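K.L.:
So that you have it, the file is coords15.txt, and it contains compact mmCIF, C-alpha atoms:
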```txt
# COMPACT_ATOMS: atom_id res chain seq x y z
CA MET A 1 13.90 -38.30 42.19
CA PHE A 2 16.18 -36.99 39.45
CA ASP A 3 17.67 -39.96 37.56
CA VAL A 4 20.94 -38.94 35.86
CA ASP A 5 21.29 -42.23 33.98
CA LYS A 6 17.84 -41.91 32.47
CA TRP A 7 18.53 -38.36 31.26
CA GLN A 8 21.89 -39.40 29.80
CA GLU A 9 20.16 -42.21 27.96
CA ILE A 10 17.53 -39.85 26.54
CA LEU A 11 20.20 -37.38 25.34
CA GLY A 12 22.25 -40.20 23.90
CA THR A 13 19.29 -41.50 21.90
CA MET A 14 18.59 -38.02 20.53
CA GLN A 15 22.24 -37.53 19.53
CA LYS A 16 22.33 -40.84 17.66
CA ASN A 17 19.32 -39.76 15.57
CA LYS A 18 20.00 -36.05 15.09
CA LEU A 19 18.14 -35.56 11.80
CA ARG A 20 15.08 -37.47 12.96
CA THR A 21 15.05 -35.59 16.27
CA PHE A 22 15.42 -32.23 14.49
CA LEU A 23 12.60 -32.89 12.03
CA THR A 24 10.35 -34.11 14.83
CA ALA A 25 11.12 -31.10 16.99
CA PHE A 26 10.62 -28.70 14.08
CA GLY A 27 6.99 -29.78 13.70
CA VAL A 28 6.25 -28.76 17.30
CA PHE A 29 8.40 -25.62 16.99
CA TRP A 30 6.45 -24.51 13.93
CA GLY A 31 3.10 -25.24 15.56
CA ILE A 32 3.81 -23.07 18.63
CA PHE A 33 5.51 -20.42 16.49
CA MET A 34 2.46 -20.10 14.23
CA LEU A 35 0.07 -20.12 17.19
CA VAL A 36 1.90 -17.24 18.89
CA LEU A 37 2.31 -15.34 15.62
CA LEU A 38 -1.36 -15.66 14.67
CA LEU A 39 -2.61 -14.62 18.11
CA GLY A 40 -0.18 -11.71 18.26
CA ALA A 41 -1.17 -10.49 14.81
CA GLY A 42 -4.84 -10.88 15.74
CA LYS A 43 -4.26 -8.78 18.86
CA GLY A 44 -2.52 -6.12 16.81
CA LEU A 45 -5.43 -6.02 14.36
CA GLU A 46 -7.90 -5.81 17.25
CA LYS A 47 -5.98 -2.96 18.91
CA GLY A 48 -5.74 -1.12 15.61
CA VAL A 49 -9.48 -1.26 14.99
CA ILE A 50 -10.29 -0.33 18.61
CA ASN A 51 -7.91 2.64 18.30
CA ARG A 52 -10.10 3.85 15.47
CA PHE A 53 -12.78 4.43 18.11
CA GLY A 54 -10.37 6.86 19.79
CA ASP A 55 -10.49 7.88 23.45
CA GLY A 56 -14.21 8.56 23.42
CA ALA A 57 -16.71 6.61 25.50
CA LYS A 58 -17.47 3.17 24.04
CA ASN A 59 -21.09 3.28 25.26
CA SER A 60 -22.09 6.76 24.13
CA ILE A 61 -25.20 7.78 22.19
CA TYR A 62 -25.36 10.83 19.93
CA VAL A 63 -28.83 12.21 19.23
CA PHE A 64 -29.51 14.53 16.29
CA GLY A 65 -32.83 15.91 15.20
CA GLY A 66 -34.22 14.70 11.88
CA LYS A 67 -37.38 15.01 9.79
CA THR A 68 -40.52 13.03 10.45
CA ALA A 69 -41.44 10.52 7.77
CA MET A 70 -44.75 9.38 9.28
CA ALA A 71 -47.97 11.23 10.08
CA HIS A 72 -48.70 11.22 13.80
CA ALA A 73 -51.43 12.66 16.05
CA GLY A 74 -52.90 14.59 13.15
CA LEU A 75 -49.55 16.11 12.20
CA ALA A 76 -48.21 15.74 8.66
CA PRO A 77 -44.81 14.17 7.91
CA GLY A 78 -41.84 16.34 6.96
CA ARG A 79 -41.59 18.27 10.24
CA GLU A 80 -38.11 19.12 11.49
CA ILE A 81 -37.34 17.99 15.04
CA LYS A 82 -35.40 20.67 16.89
CA PHE A 83 -34.22 20.22 20.47
CA THR A 84 -34.31 22.84 23.23
CA ASN A 85 -32.75 23.33 26.65
CA GLN A 86 -35.99 21.97 28.11
CA ASP A 87 -35.34 18.65 26.36
CA LEU A 88 -32.03 18.42 28.23
CA GLU A 89 -33.77 19.10 31.53
CA ALA A 90 -36.47 16.52 30.78
CA MET A 91 -33.81 13.97 29.88
CA TRP A 92 -32.07 14.42 33.23
CA ARG A 93 -35.36 14.10 35.11
CA THR A 94 -36.84 11.17 33.20
CA VAL A 95 -34.07 8.87 32.01
CA GLU A 96 -32.47 7.71 35.25
CA GLU A 97 -30.03 5.39 33.48
CA VAL A 98 -28.13 8.36 31.99
CA ASN A 99 -24.75 9.02 33.62
CA THR A 100 -23.57 11.87 31.38
CA LEU A 101 -25.59 14.22 29.19
CA ALA A 102 -23.89 16.98 27.23
CA PRO A 103 -25.08 19.19 24.35
CA ARG A 104 -23.14 20.58 21.42
CA ASN A 105 -23.99 23.30 18.92
CA ARG A 106 -22.15 24.59 15.88
CA ILE A 107 -21.87 27.96 14.21
CA MET A 108 -23.25 27.07 10.79
CA GLY A 109 -20.59 27.06 8.10
CA GLU A 110 -16.81 27.21 8.45
CA TYR A 111 -15.84 30.60 9.83
CA THR A 112 -12.44 32.19 9.61
CA ILE A 113 -10.41 32.29 12.79
CA ASN A 114 -7.91 35.13 12.77
CA TYR A 115 -4.71 35.62 14.74
CA GLY A 116 -2.64 38.60 13.67
CA LYS A 117 -1.94 38.15 9.97
CA GLN A 118 -2.69 34.43 10.07
CA ASN A 119 -6.15 32.99 9.46
CA GLY A 120 -7.84 29.69 8.76
CA SER A 121 -11.36 28.49 7.96
CA TYR A 122 -12.41 26.02 10.68
CA GLN A 123 -15.62 24.74 12.20
CA VAL A 124 -16.47 26.32 15.55
CA PHE A 125 -18.52 24.38 18.09
CA GLY A 126 -20.04 25.21 21.44
CA ALA A 127 -19.88 22.31 23.90
CA GLU A 128 -20.09 21.50 27.57
CA PRO A 129 -16.93 20.10 29.22
CA ASP A 130 -18.43 16.60 29.53
CA PHE A 131 -18.97 16.46 25.77
CA LEU A 132 -15.24 16.84 25.13
CA LEU A 133 -14.43 14.01 27.53
CA LEU A 134 -16.88 11.51 26.07
CA ASN A 135 -16.14 12.57 22.49
CA GLY A 136 -12.39 11.94 22.81
CA GLU A 137 -10.83 15.43 22.73
CA ARG A 138 -7.80 15.44 25.05
CA ALA A 139 -5.79 18.46 26.25
CA HIS A 140 -2.40 18.84 24.60
CA ARG A 141 -1.37 22.32 25.75
CA GLY A 142 -3.11 24.36 28.39
CA ARG A 143 -6.49 22.96 29.41
CA LEU A 144 -9.92 22.04 28.09
CA LEU A 145 -13.13 23.93 28.82
CA ASN A 146 -14.44 23.71 32.41
CA ARG A 147 -17.62 24.36 34.40
CA TYR A 148 -16.72 27.94 35.24
CA ASP A 149 -16.33 28.76 31.55
CA GLU A 150 -19.84 27.39 31.06
CA LEU A 151 -21.49 29.06 34.07
CA GLU A 152 -19.91 32.47 33.47
CA LYS A 153 -20.30 32.30 29.67
CA ARG A 154 -16.64 33.15 29.24
CA LYS A 155 -15.24 34.07 25.86
CA VAL A 156 -12.58 31.40 25.83
CA VAL A 157 -11.69 28.89 23.14
CA ILE A 158 -9.71 25.68 22.73
CA ILE A 159 -8.25 24.91 19.30
CA GLY A 160 -7.30 21.63 17.65
CA GLU A 161 -3.56 21.11 17.43
CA GLN A 162 -3.49 21.17 13.62
CA ALA A 163 -5.42 24.44 13.53
CA ALA A 164 -3.08 25.87 16.17
CA GLN A 165 -0.02 25.00 14.07
CA VAL A 166 -1.46 26.91 11.11
CA LEU A 167 -2.47 29.97 13.15
CA PHE A 168 0.44 30.18 15.58
CA GLY A 169 3.27 28.18 14.02
CA GLU A 170 6.03 27.81 16.62
CA GLU A 171 4.46 30.43 18.88
CA GLU A 172 2.74 29.38 22.12
CA PRO A 173 -1.04 29.80 21.56
CA VAL A 174 -2.19 29.56 25.19
CA GLY A 175 -3.02 33.00 26.54
CA GLU A 176 -3.32 34.65 23.11
CA TYR A 177 -6.54 36.02 21.61
CA VAL A 178 -8.13 34.98 18.32
CA SER A 179 -11.04 36.54 16.45
CA ILE A 180 -14.11 34.49 15.48
CA ARG A 181 -16.63 36.44 13.40
CA GLY A 182 -15.24 39.67 14.78
CA ILE A 183 -15.42 38.60 18.44
CA HIS A 184 -12.23 38.01 20.43
CA PHE A 185 -11.74 34.80 22.40
CA LYS A 186 -8.86 33.88 24.68
CA VAL A 187 -7.10 30.62 23.82
CA VAL A 188 -6.92 28.53 27.00
CA GLY A 189 -5.67 25.31 25.43
CA THR A 190 -5.17 23.07 22.43
CA PHE A 191 -6.37 19.49 22.02
CA LYS A 192 -5.50 16.32 20.15
CA VAL A 193 -7.79 13.52 19.04
CA LYS A 194 -6.77 9.87 18.74
CA GLY A 195 -8.45 7.40 16.45
CA ASN A 196 -10.95 7.60 13.64
CA ASN A 197 -10.53 10.80 11.57
CA GLY A 198 -8.53 12.29 14.45
CA GLY A 199 -6.45 14.64 12.30
CA ARG A 200 -9.52 16.14 10.66
CA ARG A 201 -11.14 16.69 14.05
CA GLU A 202 -8.09 18.67 15.17
CA GLU A 203 -9.10 21.32 12.62
CA ARG A 204 -11.85 22.53 14.94
CA ALA A 205 -12.37 25.00 17.74
CA TYR A 206 -14.62 24.75 20.81
CA ILE A 207 -16.12 27.53 22.91
CA PRO A 208 -18.44 27.09 25.93
CA PHE A 209 -21.95 25.95 24.97
CA THR A 210 -23.68 28.79 26.79
CA THR A 211 -21.32 31.33 25.21
CA LEU A 212 -22.22 30.12 21.72
CA GLN A 213 -25.95 30.24 22.49
CA THR A 214 -25.85 33.84 23.72
CA THR A 215 -23.11 35.29 21.52
CA PHE A 216 -24.09 33.79 18.18
CA ASN A 217 -27.87 34.07 18.45
CA GLN A 218 -28.82 30.46 19.15
CA PRO A 219 -30.99 30.95 22.27
CA ASN A 220 -32.67 27.81 23.54
CA GLN A 221 -31.36 25.73 20.62
CA VAL A 222 -29.68 22.35 20.96
CA GLN A 223 -28.35 20.70 17.81
CA LEU A 224 -26.83 17.57 19.32
CA MET A 225 -27.14 15.71 22.61
CA ALA A 226 -24.50 13.19 23.69
CA LEU A 227 -25.28 10.65 26.40
CA VAL A 228 -23.43 7.95 28.31
CA ALA A 229 -25.31 5.22 30.15
CA GLN A 230 -24.75 4.35 33.79
CA GLU A 231 -22.21 1.59 34.43
CA GLY A 232 -23.77 -1.81 33.84
CA VAL A 233 -26.68 -0.36 31.83
CA SER A 234 -27.02 -1.18 28.15
CA ALA A 235 -26.81 1.81 25.82
CA ALA A 236 -29.60 0.20 23.78
CA LEU A 237 -31.95 0.53 26.79
CA VAL A 238 -31.09 4.22 27.16
CA GLU A 239 -31.56 4.72 23.42
CA ASP A 240 -35.10 3.29 23.60
CA LYS A 241 -36.03 5.50 26.57
CA VAL A 242 -34.61 8.61 24.90
CA ARG A 243 -36.58 7.88 21.73
CA GLN A 244 -39.81 7.40 23.70
CA LEU A 245 -39.29 10.62 25.68
CA LEU A 246 -38.50 12.77 22.66
CA ALA A 247 -41.38 11.21 20.70
CA GLU A 248 -43.79 12.31 23.44
CA ARG A 249 -42.32 15.81 23.73
CA HIS A 250 -42.14 16.52 19.98
CA LYS A 251 -45.24 14.54 18.97
CA PHE A 252 -43.83 12.05 16.50
CA SER A 253 -44.15 8.28 16.32
CA ALA A 254 -41.52 6.31 18.25
CA GLU A 255 -41.47 3.95 15.24
CA ASP A 256 -40.41 6.78 12.94
CA ASP A 257 -36.71 6.12 12.33
CA MET A 258 -36.28 9.35 10.34
CA ALA A 259 -37.43 11.65 13.15
CA LEU A 260 -34.20 11.14 15.07
CA ASP A 261 -30.68 10.33 14.00
CA LEU A 262 -29.16 8.20 16.78
CA GLU A 263 -25.59 6.96 16.73
CA ASN A 264 -25.01 4.20 19.29
CA THR A 265 -21.26 3.62 19.58
CA GLU A 266 -21.79 0.67 21.94
CA LYS A 267 -23.69 -1.17 19.22
CA GLU A 268 -20.82 -0.70 16.77
CA TYR A 269 -18.23 -1.52 19.42
CA LEU A 270 -19.96 -4.79 20.36
CA LYS A 271 -20.17 -5.75 16.69
CA VAL A 272 -16.44 -5.22 16.29
CA MET A 273 -15.62 -7.14 19.49
CA GLY A 274 -17.90 -10.00 18.38
CA LEU A 275 -16.05 -10.11 15.07
CA PHE A 276 -12.68 -10.32 16.82
CA ASN A 277 -13.90 -13.03 19.15
CA GLY A 278 -14.66 -15.06 16.04
CA ILE A 279 -11.27 -14.20 14.51
CA ASN A 280 -9.45 -15.23 17.71
CA ILE A 281 -11.32 -18.54 17.81
CA PHE A 282 -10.39 -19.16 14.17
CA MET A 283 -6.74 -18.35 14.88
CA TRP A 284 -6.69 -20.69 17.87
CA ILE A 285 -8.15 -23.45 15.68
CA VAL A 286 -5.53 -22.89 12.97
CA GLY A 287 -2.66 -22.62 15.46
CA VAL A 288 -3.70 -25.61 17.57
CA GLY A 289 -4.34 -27.60 14.37
CA THR A 290 -0.77 -26.90 13.26
CA LEU A 291 0.47 -27.88 16.70
CA ILE A 292 -1.53 -31.12 16.66
CA ALA A 293 0.13 -32.01 13.34
CA GLY A 294 3.50 -31.62 15.07
CA ILE A 295 2.34 -33.70 18.04
CA VAL A 296 1.17 -36.50 15.72
CA GLY A 297 4.60 -36.41 14.14
CA VAL A 298 6.25 -36.77 17.56
CA SER A 299 3.94 -39.65 18.44
CA ASN A 300 4.75 -41.47 15.19
CA ILE A 301 8.46 -41.02 15.72
CA MET A 302 8.16 -42.32 19.28
CA LEU A 303 6.35 -45.40 17.98
CA ILE A 304 9.24 -46.02 15.59
CA ILE A 305 11.70 -45.54 18.47
CA VAL A 306 9.79 -48.06 20.60
CA LYS A 307 9.86 -50.57 17.73
CA GLU A 308 13.61 -50.06 17.23
CA ARG A 309 14.24 -50.55 20.96
CA THR A 310 11.93 -53.53 21.40
CA ARG A 311 14.81 -55.89 22.28
CA GLU A 312 16.30 -53.32 24.67
CA ILE A 313 12.96 -52.85 26.43
CA GLY A 314 12.58 -56.63 26.66
CA VAL A 315 15.98 -56.88 28.38
CA ARG A 316 14.96 -54.11 30.81
CA LYS A 317 11.76 -55.91 31.72
CA ALA A 318 13.57 -59.26 32.03
CA LEU A 319 15.95 -57.63 34.52
CA GLY A 320 13.01 -56.39 36.61
CA ALA A 321 12.07 -53.01 35.13
CA THR A 322 8.49 -52.15 36.00
CA PRO A 323 5.95 -51.01 33.35
CA LEU A 324 5.88 -47.61 35.09
CA SER A 325 9.62 -47.11 34.61
CA VAL A 326 9.36 -48.01 30.94
CA ILE A 327 6.42 -45.59 30.48
CA SER A 328 8.27 -42.81 32.28
CA LEU A 329 11.33 -43.29 30.04
CA ILE A 330 9.33 -42.92 26.82
CA LEU A 331 7.20 -40.09 28.20
CA GLN A 332 10.25 -38.15 29.38
CA GLU A 333 11.88 -38.39 25.98
CA SER A 334 8.67 -37.21 24.31
CA VAL A 335 8.21 -34.32 26.76
CA VAL A 336 11.86 -33.25 26.34
CA ILE A 337 11.51 -33.05 22.55
CA THR A 338 8.16 -31.24 22.57
CA ALA A 339 8.87 -28.94 25.52
CA PHE A 340 12.26 -27.78 24.24
CA SER A 341 11.21 -27.30 20.63
CA GLY A 342 7.92 -25.73 21.67
CA TYR A 343 9.66 -23.36 24.05
CA MET A 344 12.01 -22.31 21.26
CA GLY A 345 8.95 -21.71 19.06
CA LEU A 346 7.42 -19.62 21.84
CA LEU A 347 10.61 -17.54 22.14
CA ALA A 348 10.90 -17.12 18.37
CA GLY A 349 7.27 -16.05 18.05
CA THR A 350 7.35 -13.55 20.91
CA GLY A 351 10.75 -12.30 19.75
CA LEU A 352 9.45 -11.63 16.25
CA LEU A 353 6.37 -9.85 17.61
CA ALA A 354 8.54 -7.77 19.95
CA GLY A 355 10.73 -6.80 17.00
CA VAL A 356 7.71 -5.72 14.93
CA GLN A 357 6.34 -3.79 17.93
CA TYR A 358 9.68 -2.01 18.40
CA LEU A 359 9.85 -1.05 14.71
CA ILE A 360 6.31 0.34 14.75
CA GLU A 361 6.77 2.31 17.97
CA SER A 362 10.26 3.61 17.17
CA SER A 363 9.30 4.75 13.67
CA GLY A 364 6.07 6.35 14.88
CA ALA A 365 4.24 4.77 11.95
CA GLU A 366 0.46 4.76 12.13
CA MET A 367 -1.04 1.93 10.13
CA PRO A 368 -4.81 2.01 9.62
CA PHE A 369 -6.58 -0.83 11.42
CA PHE A 370 -3.35 -2.29 12.82
CA ALA A 371 -1.34 -1.51 15.95
CA ALA A 372 1.72 -3.02 17.60
CA PRO A 373 1.16 -6.81 17.92
CA GLU A 374 1.59 -8.45 21.29
CA VAL A 375 1.03 -11.68 23.19
CA ASP A 376 -0.27 -11.33 26.72
CA LEU A 377 0.78 -13.39 29.74
CA GLY A 378 -2.36 -15.54 29.57
CA VAL A 379 -1.51 -16.69 26.05
CA ALA A 380 2.10 -17.45 27.03
CA LEU A 381 0.98 -19.52 30.03
CA THR A 382 -1.61 -21.31 27.90
CA ALA A 383 1.01 -22.12 25.28
CA THR A 384 3.33 -23.46 27.99
CA PHE A 385 0.56 -25.67 29.34
CA ILE A 386 -0.14 -26.93 25.82
CA LEU A 387 3.57 -27.77 25.44
CA VAL A 388 3.69 -29.98 28.53
CA LEU A 389 0.34 -31.61 27.75
CA SER A 390 1.19 -32.21 24.11
CA GLY A 391 4.49 -33.84 25.06
CA ALA A 392 2.72 -36.20 27.41
CA LEU A 393 0.01 -37.01 24.87
CA ALA A 394 2.54 -37.56 22.09
CA GLY A 395 4.41 -40.12 24.15
CA LEU A 396 1.45 -41.77 25.85
CA VAL A 397 0.50 -44.28 23.13
CA PRO A 398 4.12 -45.32 22.40
CA ALA A 399 4.79 -45.58 26.15
CA MET A 400 1.77 -47.81 26.69
CA LYS A 401 2.88 -49.96 23.77
CA ALA A 402 6.36 -50.25 25.26
CA ALA A 403 4.97 -51.17 28.69
CA ASN A 404 2.92 -54.02 27.19
CA ILE A 405 5.90 -55.66 25.48
CA LYS A 406 6.51 -59.16 26.81
CA PRO A 407 10.17 -59.87 27.59
CA ILE A 408 10.26 -63.26 25.75
CA GLU A 409 8.74 -61.83 22.55
CA ALA A 410 10.98 -58.78 22.74
CA LEU A 411 14.15 -60.86 23.05
CA GLN A 412 13.10 -62.85 19.95
CA ALA A 413 12.46 -59.71 17.91
CA ASP A 414 14.72 -58.83 15.01
```
Output the structure of this file as structure tokens.
P.N.:
Amino acid sequence: MFDVDKWQEILGTMQKNKLRTFLTAFGVFWGIFMLVLLLGAGKGLEKGVINRFGDGAKNSIYVFGGKTAMAHAGLAPGREIKFTNQDLEAMWRTVEEVNTLAPRNRIMGEYTINYGKQNGSYQVFGAEPDFLLLNGERAHRGRLLNRYDELEKRKVVIIGEQAAQVLFGEEEPVGEYVSIRGIHFKVVGTFKVKGNNGGRREERAYIPFTTLQTTFNQPNQVQLMALVAQEGVSAALVEDKVRQLLAERHKFSAEDDMALDLENTEKEYLKVMGLFNGINIFMWIVGVGTLIAGIVGVSNIMLIIVKERTREIGVRKALGATPLSVISLILQESVVITAFSGYMGLLAGTGLLAGVQYLIESSGAEMPFFAAPEVDLGVALTATFILVLSGALAGLVPAMKAANIKPIEALQAD
């Protein structure tokens, strides 16, 4: 039941000792404020680093051919490993854990792309549609390459947005024709890339993989294979199977690290996430440690309050107050101080983070390795739970001390 007299008494006690109450509350306020601020900043740092991975698949594997460094099966080291279309077919047949497999070739060198009187020197790649999706290229105007472009070996091209701005300026590029090494290609779309080195990757052009093979004299050549593992399958497992398969087909040792150049994005991604798990734990320790310092301060102040009110508590008990009512009085006062000050710290922390987030988003600023900070609902609920628990813990020892006061000794106290 709500006891008005008890709440009036608690507020009256706090008003009589305003400075002491303020300093006590500030310790809890600062603890929650720092906890929220640290976790929000940590989240912003985590988002910023993850954004560097871009929109590409986080469990992809890129396989390039290398040079053998070990003799194997009577063959000398120094052989170049070059992939073929048959390697792609063997990969599909043999490695069941592969969900997506897409090749990519490049016209060697940076070739001039011409449109009217405008031109620019950009890298031109041939890729299957799935490669663009797992690599992080996203349509900005028009569309990306599709299966029909690939099957029909169409002379179509998509251009990075930065290259399109140089070639076309304010003009709409979709539907226009550009010349690549004297061959005309229809622009069907432009793309943007988010994340690591995104701007540089927008200075590229992509044509269908089969078109590049036939038009630019690269028959049965595959320079790069990109794979994505099935859901729930480790990319490391797929990497091992791919290495074994290619070692058998191209007759090199599976232990030869120089024969293949494999980039496992999942491995890097898991390293980064492991690092941030450690950072988050550290931030929780620092934030909770600061909060505990505030709670200890509240507990000490409540002990002083109990000592100052020893005679009053003795009178209460002499008039029939139960130990439970005395405990509830002290606990309520402690919870009021910690809950209110902690809630204000929570509001101040989330408000500051929201302000920083608004400034970043409204200005369009892109900071390397840092994105808009935020605190999710789980953290807010956890902080609220900590507030209530800390208030109870801070007042528990003083409340127990007050409940154990004997009325006769209390009435004799100075």
K.L.:
Report the distance between CA of Lys82 in chain A and CA of Ala229 in chain A in Å, rounded to one decimal place.
P.N.:
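Atom-to-atom, CA of Lys82 in chain A to CA of Ala229 in chain A, that is 22.7 Å.
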K.L.:
If you measure from CA of Phe191 in chain A to CA of Lys271 in chain A, what distance in Å do you get, rounded to one decimal?
P.N.:
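According to the coordinates, CA of Phe191 in chain A and CA of Lys271 in chain A are separated by 29.3 Å.
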K.L.:
Counting all atoms listed in the file, what is within 9 Å of Phe125 in chain A, bar same-chain residues fewer than 5 positions away, as a PyMOL selection string?
P.N.:
chain A and resi 104-107+204-209+212
K.L.:
Just the selected residues (C-alpha atoms), exported as an mmCIF file, keeping the file's coordinate frame, please.
P.N.:
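Below you can see again-v5.cif, which holds the result:
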```cif
data_model
loop_
_atom_site.group_PDB
_atom_site.id
_atom_site.type_symbol
_atom_site.label_atom_id
_atom_site.label_comp_id
_atom_site.auth_asym_id
_atom_site.auth_seq_id
_atom_site.Cartn_x
_atom_site.Cartn_y
_atom_site.Cartn_z
ATOM 1 C CA ARG A 104 -23.140 20.580 21.420
ATOM 2 C CA ASN A 105 -23.990 23.300 18.920
ATOM 3 C CA ARG A 106 -22.150 24.590 15.880
ATOM 4 C CA ILE A 107 -21.870 27.960 14.210
ATOM 5 C CA ARG A 204 -11.850 22.530 14.940
ATOM 6 C CA ALA A 205 -12.370 25.000 17.740
ATOM 7 C CA TYR A 206 -14.620 24.750 20.810
ATOM 8 C CA ILE A 207 -16.120 27.530 22.910
ATOM 9 C CA PRO A 208 -18.440 27.090 25.930
ATOM 10 C CA PHE A 209 -21.950 25.950 24.970
ATOM 11 C CA LEU A 212 -22.220 30.120 21.720
#
```
K.L.:
Would you please work out which residue, of A:Ser121, A:Gln357, A:Asn300, A:Thr350, is nearest to Glu203 in chain A when using all atoms listed in the file?
P.N.:
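Checking each of A:Ser121, A:Gln357, A:Asn300, A:Thr350 against Glu203 in chain A, counting all atoms listed in the file, the winner is A:Ser121.
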K.L.:
Report, in Å with one decimal, the straight-line distance from CA of Phe185 in chain A to CA of Glu137 in chain A.
P.N.:
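Between CA of Phe185 in chain A and CA of Glu137 in chain A the gap is 19.4 Å.
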K.L.:
Compare A:Gly31, A:Gly116, A:Pro129, A:Gly109 by their minimum atom-to-atom distance to Ala226 in chain A, counting all atoms listed in the file, and give me the closest one.
P.N.:
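Counting all atoms listed in the file, the residue closest to Ala226 in chain A is A:Pro129.
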K.L.:
Which residue out of A:Ala127, A:Val63, A:Leu347, A:Leu133 has the minimum interatomic distance to Ala259 in chain A when only C-alpha atoms are used?
P.N.:
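Ranked by minimum distance to Ala259 in chain A, first place goes to A:Val63.
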K.L.:
Nearest to Ile183 in chain A among A:Ala247, A:Val242, A:Ile113, A:Leu224, with distances taken over only C-alpha atoms: which residue is it?
P.N.:
A:Ile113
K.L.:
Can you list, as a list in words, every protein, DNA or RNA residue that comes within 12 Å of Glu255 in chain A when you count only C-alpha atoms, leaving out same-chain residues fewer than 3 positions away?
P.N.:
Thr68, Ala69, Met70, Ala71, His72, Asp240, Arg243, Gln244, Leu246, Ala247, Glu248, Lys251, Phe252, Met258, Ala259 and Leu260 of chain A
K.L.:
Quick one: residues within 8 Å of Met225 in chain A, only C-alpha atoms counted, chain neighbours fewer than 5 positions away excluded, as a PyMOL selection string?
P.N.:
chain A and resi 62-64+88+101-104
